[in-house]
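Data file: input_16.cif. Format and content: mmCIF, C-alpha atoms and all ligand atoms.
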```cif
data_upload
loop_
_atom_site.group_PDB
_atom_site.id
_atom_site.type_symbol
_atom_site.label_atom_id
_atom_site.label_comp_id
_atom_site.auth_asym_id
_atom_site.auth_seq_id
_atom_site.Cartn_x
_atom_site.Cartn_y
_atom_site.Cartn_z
ATOM 1 C CA MET Y 179 54.803 -58.707 -197.441
ATOM 2 C CA LYS Y 180 56.299 -57.159 -194.310
ATOM 3 C CA LEU Y 181 58.966 -54.532 -193.668
ATOM 4 C CA TYR Y 182 60.998 -55.007 -190.502
ATOM 5 C CA ASP Y 183 61.679 -51.513 -189.316
ATOM 6 C CA TYR Y 184 62.874 -49.360 -186.430
ATOM 7 C CA HIS Y 185 61.449 -45.864 -186.330
ATOM 8 C CA ARG Y 186 64.596 -44.177 -184.922
ATOM 9 C CA ALA Y 187 67.189 -45.782 -187.227
ATOM 10 C CA PRO Y 188 68.452 -44.101 -190.401
ATOM 11 C CA ASN Y 189 68.606 -47.035 -192.822
ATOM 12 C CA PRO Y 190 64.981 -48.119 -192.391
ATOM 13 C CA ARG Y 191 64.016 -44.462 -192.771
ATOM 14 C CA ARG Y 192 65.539 -44.479 -196.254
ATOM 15 C CA VAL Y 193 63.099 -47.245 -197.204
ATOM 16 C CA ARG Y 194 60.141 -45.569 -195.490
ATOM 17 C CA ILE Y 195 60.756 -42.317 -197.388
ATOM 18 C CA PHE Y 196 61.185 -44.250 -200.629
ATOM 19 C CA LEU Y 197 57.871 -46.075 -200.122
ATOM 20 C CA ALA Y 198 56.100 -42.832 -199.179
ATOM 21 C CA GLU Y 199 57.368 -41.173 -202.376
ATOM 22 C CA LYS Y 200 55.877 -44.041 -204.359
ATOM 23 C CA GLY Y 201 52.673 -44.097 -202.336
ATOM 24 C CA ILE Y 202 53.233 -47.729 -201.350
ATOM 25 C CA GLU Y 203 51.829 -48.895 -198.032
ATOM 26 C CA ILE Y 204 52.937 -52.190 -196.544
ATOM 27 C CA GLU Y 205 52.722 -53.955 -193.229
ATOM 28 C CA LYS Y 206 55.547 -53.124 -190.836
ATOM 29 C CA ALA Y 207 57.002 -54.867 -187.808
ATOM 30 C CA GLU Y 208 59.016 -52.789 -185.342
ATOM 31 C CA ILE Y 209 62.312 -54.345 -184.241
ATOM 32 C CA ASP Y 210 63.349 -52.409 -181.171
ATOM 33 C CA LEU Y 211 67.097 -51.843 -181.573
ATOM 34 C CA GLY Y 212 67.062 -49.995 -178.235
ATOM 35 C CA SER Y 213 66.382 -53.262 -176.439
ATOM 36 C CA LYS Y 214 68.544 -55.262 -178.910
ATOM 37 C CA GLN Y 215 65.594 -57.162 -180.377
ATOM 38 C CA GLN Y 216 67.619 -57.625 -183.576
ATOM 39 C CA MET Y 217 69.782 -60.098 -181.664
ATOM 40 C CA GLU Y 218 66.932 -62.248 -180.413
ATOM 41 C CA THR Y 219 66.839 -65.761 -181.800
ATOM 42 C CA ASN Y 220 63.579 -65.465 -183.724
ATOM 43 C CA TYR Y 221 64.884 -62.451 -185.685
ATOM 44 C CA LYS Y 222 68.483 -63.648 -185.977
ATOM 45 C CA THR Y 223 67.241 -66.913 -187.443
ATOM 46 C CA ILE Y 224 65.678 -65.176 -190.437
ATOM 47 C CA ASN Y 225 68.274 -62.384 -190.672
ATOM 48 C CA SER Y 226 71.748 -63.487 -189.652
ATOM 49 C CA ARG Y 227 72.990 -59.917 -190.234
ATOM 50 C CA MET Y 228 70.825 -58.830 -187.294
ATOM 51 C CA SER Y 229 69.937 -55.543 -188.945
ATOM 52 C CA VAL Y 230 66.997 -53.500 -190.169
ATOM 53 C CA PRO Y 231 65.513 -52.852 -192.608
ATOM 54 C CA MET Y 232 64.523 -56.279 -193.841
ATOM 55 C CA LEU Y 233 61.772 -57.060 -196.329
ATOM 56 C CA GLU Y 234 59.949 -60.376 -196.097
ATOM 57 C CA LEU Y 235 58.030 -61.274 -199.245
ATOM 58 C CA ASP Y 236 54.822 -63.294 -199.230
ATOM 59 C CA ASP Y 237 56.668 -66.306 -200.677
ATOM 60 C CA GLY Y 238 59.141 -66.215 -197.771
ATOM 61 C CA ASN Y 239 62.012 -64.580 -199.661
ATOM 62 C CA ILE Y 240 64.029 -62.158 -197.567
ATOM 63 C CA ILE Y 241 65.738 -58.978 -198.790
ATOM 64 C CA THR Y 242 68.113 -57.030 -196.571
ATOM 65 C CA GLU Y 243 70.076 -53.869 -197.506
ATOM 66 C CA SER Y 244 68.041 -50.685 -197.789
ATOM 67 C CA ILE Y 245 68.943 -50.055 -201.393
ATOM 68 C CA ALA Y 246 68.211 -53.623 -202.481
ATOM 69 C CA ILE Y 247 64.750 -53.208 -200.935
ATOM 70 C CA CYS Y 248 64.269 -49.865 -202.697
ATOM 71 C CA ARG Y 249 65.352 -51.383 -205.996
ATOM 72 C CA TYR Y 250 62.786 -54.158 -205.565
ATOM 73 C CA PHE Y 251 60.016 -51.558 -205.301
ATOM 74 C CA GLU Y 252 61.481 -49.482 -208.139
ATOM 75 C CA GLU Y 253 61.000 -52.558 -210.356
ATOM 76 C CA THR Y 254 57.551 -53.495 -209.081
ATOM 77 C CA GLN Y 255 56.271 -49.907 -209.183
ATOM 78 C CA PRO Y 256 58.462 -47.739 -211.440
ATOM 79 C CA ASP Y 257 56.382 -44.564 -211.125
ATOM 80 C CA PRO Y 258 57.690 -42.153 -209.935
ATOM 81 C CA THR Y 259 61.209 -43.262 -210.760
ATOM 82 C CA LEU Y 260 63.720 -42.615 -207.999
ATOM 83 C CA PHE Y 261 66.749 -44.293 -209.597
ATOM 84 C CA GLY Y 262 66.570 -42.376 -212.892
ATOM 85 C CA ASN Y 263 64.610 -43.003 -216.067
ATOM 86 C CA ASN Y 264 67.051 -43.280 -218.982
ATOM 87 C CA PRO Y 265 70.588 -44.641 -219.304
ATOM 88 C CA LEU Y 266 72.380 -41.350 -218.600
ATOM 89 C CA ASP Y 267 69.986 -40.388 -215.839
ATOM 90 C CA LYS Y 268 70.309 -43.808 -214.173
ATOM 91 C CA ALA Y 269 74.104 -43.626 -214.278
ATOM 92 C CA THR Y 270 74.040 -40.083 -212.880
ATOM 93 C CA VAL Y 271 71.764 -41.071 -210.011
ATOM 94 C CA GLU Y 272 74.013 -44.061 -209.302
ATOM 95 C CA MET Y 273 77.135 -41.877 -209.357
ATOM 96 C CA TRP Y 274 75.713 -39.325 -206.908
ATOM 97 C CA HIS Y 275 74.105 -41.906 -204.723
ATOM 98 C CA ARG Y 276 77.377 -43.786 -204.333
ATOM 99 C CA ARG Y 277 79.109 -40.541 -203.372
ATOM 100 C CA VAL Y 278 76.413 -39.753 -200.838
ATOM 101 C CA GLU Y 279 76.625 -43.237 -199.317
ATOM 102 C CA LEU Y 280 80.404 -43.598 -199.321
ATOM 103 C CA GLU Y 281 81.383 -39.988 -198.559
ATOM 104 C CA GLY Y 282 78.386 -39.014 -196.415
ATOM 105 C CA LEU Y 283 76.389 -41.776 -194.796
ATOM 106 C CA MET Y 284 79.462 -43.927 -194.039
ATOM 107 C CA PRO Y 285 81.526 -41.241 -192.280
ATOM 108 C CA ILE Y 286 78.456 -39.993 -190.430
ATOM 109 C CA SER Y 287 77.784 -43.550 -189.228
ATOM 110 C CA ASP Y 288 81.448 -43.882 -188.230
ATOM 111 C CA ALA Y 289 81.329 -40.584 -186.344
ATOM 112 C CA VAL Y 290 78.147 -41.531 -184.472
ATOM 113 C CA ARG Y 291 78.938 -45.155 -183.772
ATOM 114 C CA ASN Y 292 82.505 -44.469 -182.645
ATOM 115 C CA SER Y 293 81.548 -41.724 -180.202
ATOM 116 C CA VAL Y 294 78.005 -42.111 -178.834
ATOM 117 C CA GLU Y 295 77.811 -44.073 -175.562
ATOM 118 C CA PHE Y 296 74.852 -46.197 -176.727
ATOM 119 C CA PHE Y 297 77.117 -47.802 -179.364
ATOM 120 C CA ALA Y 298 79.956 -48.697 -176.982
ATOM 121 C CA GLY Y 299 81.118 -52.184 -177.992
ATOM 122 C CA ARG Y 300 78.838 -52.020 -181.078
ATOM 123 C CA ALA Y 301 80.693 -49.625 -183.347
ATOM 124 C CA MET Y 302 79.349 -51.443 -186.391
ATOM 125 C CA ALA Y 303 75.988 -53.048 -187.032
ATOM 126 C CA GLY Y 304 76.085 -56.761 -187.761
ATOM 127 C CA PRO Y 305 77.075 -60.051 -186.213
ATOM 128 C CA ILE Y 306 80.501 -58.939 -184.873
ATOM 129 C CA ASP Y 307 80.945 -56.723 -181.807
ATOM 130 C CA PHE Y 308 83.477 -53.971 -182.555
ATOM 131 C CA VAL Y 309 84.870 -51.601 -179.947
ATOM 132 C CA GLN Y 310 84.707 -47.883 -180.632
ATOM 133 C CA ILE Y 311 87.827 -46.247 -182.084
ATOM 134 C CA PRO Y 312 87.796 -42.513 -181.205
ATOM 135 C CA ALA Y 313 90.333 -41.772 -183.984
ATOM 136 C CA LEU Y 314 87.825 -43.062 -186.525
ATOM 137 C CA ALA Y 315 85.248 -40.583 -185.220
ATOM 138 C CA GLU Y 316 87.804 -37.780 -185.520
ATOM 139 C CA ARG Y 317 88.640 -38.697 -189.102
ATOM 140 C CA ALA Y 318 84.930 -39.030 -189.873
ATOM 141 C CA ASN Y 319 84.378 -35.449 -188.661
ATOM 142 C CA ILE Y 320 86.878 -34.224 -191.255
ATOM 143 C CA ARG Y 321 85.259 -36.347 -193.957
ATOM 144 C CA MET Y 322 81.811 -35.024 -193.002
ATOM 145 C CA ALA Y 323 82.958 -31.420 -193.400
ATOM 146 C CA PHE Y 324 84.235 -32.292 -196.875
ATOM 147 C CA PHE Y 325 80.922 -33.981 -197.701
ATOM 148 C CA TYR Y 326 78.827 -30.974 -196.653
ATOM 149 C CA ASN Y 327 81.004 -28.677 -198.781
ATOM 150 C CA MET Y 328 80.812 -31.026 -201.732
ATOM 151 C CA LEU Y 329 76.995 -31.109 -201.501
ATOM 152 C CA ASN Y 330 76.800 -27.343 -201.122
ATOM 153 C CA GLU Y 331 78.849 -26.865 -204.302
ATOM 154 C CA ARG Y 332 76.753 -29.392 -206.178
ATOM 155 C CA LEU Y 333 73.467 -27.834 -205.059
ATOM 156 C CA ASN Y 334 74.651 -24.426 -206.187
ATOM 157 C CA GLU Y 335 74.297 -25.724 -209.716
ATOM 158 C CA SER Y 336 71.587 -28.376 -209.440
ATOM 159 C CA ALA Y 337 68.030 -28.418 -208.002
ATOM 160 C CA TYR Y 338 68.519 -31.900 -206.576
ATOM 161 C CA ILE Y 339 71.642 -33.920 -205.937
ATOM 162 C CA ALA Y 340 71.494 -36.037 -209.075
ATOM 163 C CA GLY Y 341 69.963 -33.381 -211.341
ATOM 164 C CA SER Y 342 66.581 -31.814 -211.850
ATOM 165 C CA ASN Y 343 64.573 -34.632 -210.234
ATOM 166 C CA PHE Y 344 64.305 -35.834 -206.645
ATOM 167 C CA SER Y 345 66.001 -39.251 -206.367
ATOM 168 C CA ILE Y 346 67.369 -41.877 -204.030
ATOM 169 C CA ALA Y 347 70.509 -39.695 -203.690
ATOM 170 C CA ASP Y 348 68.391 -36.995 -202.012
ATOM 171 C CA ILE Y 349 66.766 -39.556 -199.728
ATOM 172 C CA THR Y 350 70.083 -40.933 -198.489
ATOM 173 C CA ALA Y 351 71.573 -37.449 -198.082
ATOM 174 C CA LEU Y 352 68.572 -36.185 -196.097
ATOM 175 C CA VAL Y 353 68.657 -39.229 -193.812
ATOM 176 C CA ALA Y 354 72.445 -38.931 -193.322
ATOM 177 C CA ILE Y 355 72.269 -35.205 -192.492
ATOM 178 C CA ASP Y 356 69.424 -35.777 -190.019
ATOM 179 C CA PHE Y 357 71.350 -38.664 -188.409
ATOM 180 C CA ALA Y 358 74.382 -36.370 -187.977
ATOM 181 C CA ARG Y 359 72.316 -34.147 -185.673
ATOM 182 C CA ILE Y 360 72.912 -36.761 -182.944
ATOM 183 C CA ILE Y 361 76.503 -35.545 -182.839
ATOM 184 C CA LYS Y 362 75.466 -31.914 -183.358
ATOM 185 C CA GLN Y 363 76.791 -31.714 -186.896
ATOM 186 C CA ARG Y 364 74.748 -29.022 -188.660
ATOM 187 C CA ILE Y 365 74.735 -27.402 -192.067
ATOM 188 C CA GLY Y 366 77.103 -24.404 -191.976
ATOM 189 C CA GLU Y 367 75.697 -20.870 -192.038
ATOM 190 C CA ASN Y 368 77.500 -20.148 -195.302
ATOM 191 C CA GLN Y 369 76.275 -23.367 -196.969
ATOM 192 C CA THR Y 370 73.173 -21.683 -198.299
ATOM 193 C CA ALA Y 371 72.552 -23.949 -201.295
ATOM 194 C CA LEU Y 372 72.710 -27.013 -199.073
ATOM 195 C CA GLN Y 373 70.404 -25.379 -196.504
ATOM 196 C CA CYS Y 374 67.945 -24.387 -199.221
ATOM 197 C CA TRP Y 375 67.883 -27.950 -200.583
ATOM 198 C CA TYR Y 376 67.560 -29.353 -197.041
ATOM 199 C CA ASP Y 377 64.539 -27.140 -196.290
ATOM 200 C CA LYS Y 378 62.953 -28.117 -199.592
ATOM 201 C CA VAL Y 379 63.356 -31.893 -199.203
ATOM 202 C CA SER Y 380 62.391 -31.789 -195.509
ATOM 203 C CA MET Y 381 59.070 -30.200 -196.514
ATOM 204 C CA ARG Y 382 58.142 -33.150 -198.721
ATOM 205 C CA PRO Y 383 55.387 -35.224 -197.067
ATOM 206 C CA SER Y 384 57.642 -38.318 -197.326
ATOM 207 C CA ALA Y 385 60.232 -36.761 -194.979
ATOM 208 C CA VAL Y 386 58.120 -37.545 -191.923
ATOM 209 C CA ALA Y 387 58.097 -41.245 -192.787
HETATM 210 N N1 LIG Y 401 73.903 -51.478 -195.245
HETATM 211 C C1 LIG Y 401 72.710 -51.769 -194.466
HETATM 212 C C2 LIG Y 401 72.913 -51.216 -193.068
HETATM 213 C C3 LIG Y 401 71.822 -51.645 -192.126
HETATM 214 C C4 LIG Y 401 72.087 -51.113 -190.732
HETATM 215 O O1 LIG Y 401 73.227 -50.800 -190.356
HETATM 216 N N2 LIG Y 401 71.016 -51.007 -189.971
HETATM 217 C C5 LIG Y 401 71.134 -50.554 -188.603
HETATM 218 C C6 LIG Y 401 70.045 -49.552 -188.306
HETATM 219 S S1 LIG Y 401 70.304 -48.054 -189.196
HETATM 220 C C7 LIG Y 401 70.971 -51.746 -187.688
HETATM 221 O O2 LIG Y 401 70.235 -52.642 -187.987
HETATM 222 N N3 LIG Y 401 71.669 -51.746 -186.569
HETATM 223 C C8 LIG Y 401 71.616 -52.837 -185.645
HETATM 224 C C9 LIG Y 401 72.780 -52.813 -184.698
HETATM 225 O O3 LIG Y 401 73.402 -51.760 -184.558
HETATM 226 O O4 LIG Y 401 73.032 -53.822 -184.086
HETATM 227 C C10 LIG Y 401 71.482 -51.174 -195.138
HETATM 228 O O5 LIG Y 401 71.644 -50.248 -195.937
HETATM 229 O O6 LIG Y 401 70.366 -51.630 -194.910
#
```
Would you kindly transcribe this structure into structure tokens?
Ligand SMILES: N[C@@H](CCC(=O)N[C@@H](CS)C(=O)NCC(=O)O)C(=O)O
Amino acid sequence: MKLYDYHRAPNPRRVRIFLAEKGIEIEKAEIDLGSKQQMETNYKTINSRMSVPMLELDDGNIITESIAICRYFEETQPDPTLFGNNPLDKATVEMWHRRVELEGLMPISDAVRNSVEFFAGRAMAGPIDFVQIPALAERANIRMAFFYNMLNERLNESAYIAGSNFSIADITALVAIDFARIIKQRIGENQTALQCWYDKVSMRPSAVA
């Protein structure tokens, strides 16, 4: 089994943190996005989406999509659960995780990829080259501010994003907030609950993964 990874990219980091939380160690292969290795024929042939992370199983099966990879490991090694452990808990984790992905990670990706020079002509990952649209970055900045406020309110009443346990929602939020530092988006001084949560989850050993 091998995880195709890139140490500086946010989506593979979600999987690395997830694996670290579960204490799972697997072989990794670095795909250097900086030199566009994801577009080279030998990688493109096995992953037409030209993205990381990608998990290659020993029987040759391929899984792309960070959360699909995490779900694979949640099934093969349930303990500790990171997607919830009873019907209500699972639904609650799913609800918060979707919010974090759609209202946090997506706008942050839009803001970064539509403004940072490195992504010129590559405003979206994948097989199609998209030009940057500055207006999308502007709108994403507004959405990000809303997201940070929403998280701050939630964390005023809850130890972790989806409730009393650390979950995949915390992993995606931590990775998204760290990614936003590229465009100098920081937690606001008055967002104390969010800052407190951020300090707490950043101290977990898995955060360095
Ligand atoms: N929805 C996918 C997104 C994967 C993705 O966008 N990966 C980025 C790295 S964070 C990538 O491979 N980028 C390659 C590129 O920009 O060409 C997932 O969750 O795995």
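Against this structure, the PyMOL selection byres (((chain Y and resi 362-374) around 7) and not hetatm) ends up with Leu329, Asn330, Leu333, Asn334, Ala358, Arg359, Ile360, Ile361, Trp375, Tyr376, Asp377 and Lys378 of chain Y.
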Report as JSON the centre and the edge lengths, in Å to one decimal, of the axis-aligned box holding every listed atom of ligand LIG 401 (chain Y), padded by 3 Å on each side.
```
{"center_x": 72.0, "center_y": -50.9, "center_z": -190.0, "size_x": 9.9, "size_y": 11.8, "size_z": 17.9}
```
Could you check which of Y:Ala269, Y:Met302, Y:Met179, Y:Leu280 is closest to ligand LIG 401 (chain Y), using only C-alpha atoms and all ligand atoms? Y:Met302
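Picture a line from atom CA of Leu233 of chain Y to atom CA of Ala289 of chain Y; it runs 27.5 Å.
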Could you give me, as a ChimeraX atom specification, every polymer residue with an atom at most 6 Å away from an atom of ligand LIG 401 (chain Y), counting all atoms listed in the file? /Y:187-189,229-231,243-244,303-304
Carefully work through the PyMOL selection byres (((chain Y and resi 208) around 7) and not hetatm) for this structure and note down the residues it includes, as a ChimeraX atom specification. /Y:182-184,206-207,209-210
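Residue nearest Leu181 of chain Y within the list Y:Ile204, Y:Ala198, Y:Leu283, Y:Ala318: Y:Ile204 [criterion: smallest interatomic distance, all atoms listed in the file].
Distances from Y:Ser384, Y:Thr270, Y:Asn264, Y:Ser336 to Ile349 of chain Y were compared using all atoms listed in the file, and the smallest one belongs to Y:Ser384.
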Separation of atom CA of Ser287 of chain Y and atom CA of Arg191 of chain Y, in Å? 14.2 Å
Distance query Met328 of chain Y at most 10 Å, all atoms listed in the file, self and fewer than 2 positions along chain excluded, as a ChimeraX atom specification: /Y:277-278,281-282,322-326,330-333,372
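Between Leu352 of chain Y and the residues Y:Ile241, Y:Leu211, Y:Ile339, Y:Ile202, the shortest atom-to-atom distance, using all atoms listed in the file, involves Y:Ile339.
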I need the residue nearest Met273 of chain Y from this list: Y:Ala385, Y:Lys214, Y:Phe196, Y:Ser345. Use all atoms listed in the file for the distance. Y:Ser345
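You can rank Y:Ala354, Y:Thr259, Y:Asn220, Y:Val290 by their closest distance to Val271 of chain Y using all atoms listed in the file, and at the top of that list sits Y:Thr259.
Reported to one decimal place, the separation of atom CA of Val386 of chain Y from atom CA of Asn343 of chain Y is 19.6 Å.
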Could you pull out every residue with an atom within 12 Å of (70.7, -65.0, -187.2), file coordinates, counting only C-alpha atoms, and send them as number ranges by chain? Y: 215-229, 304-306
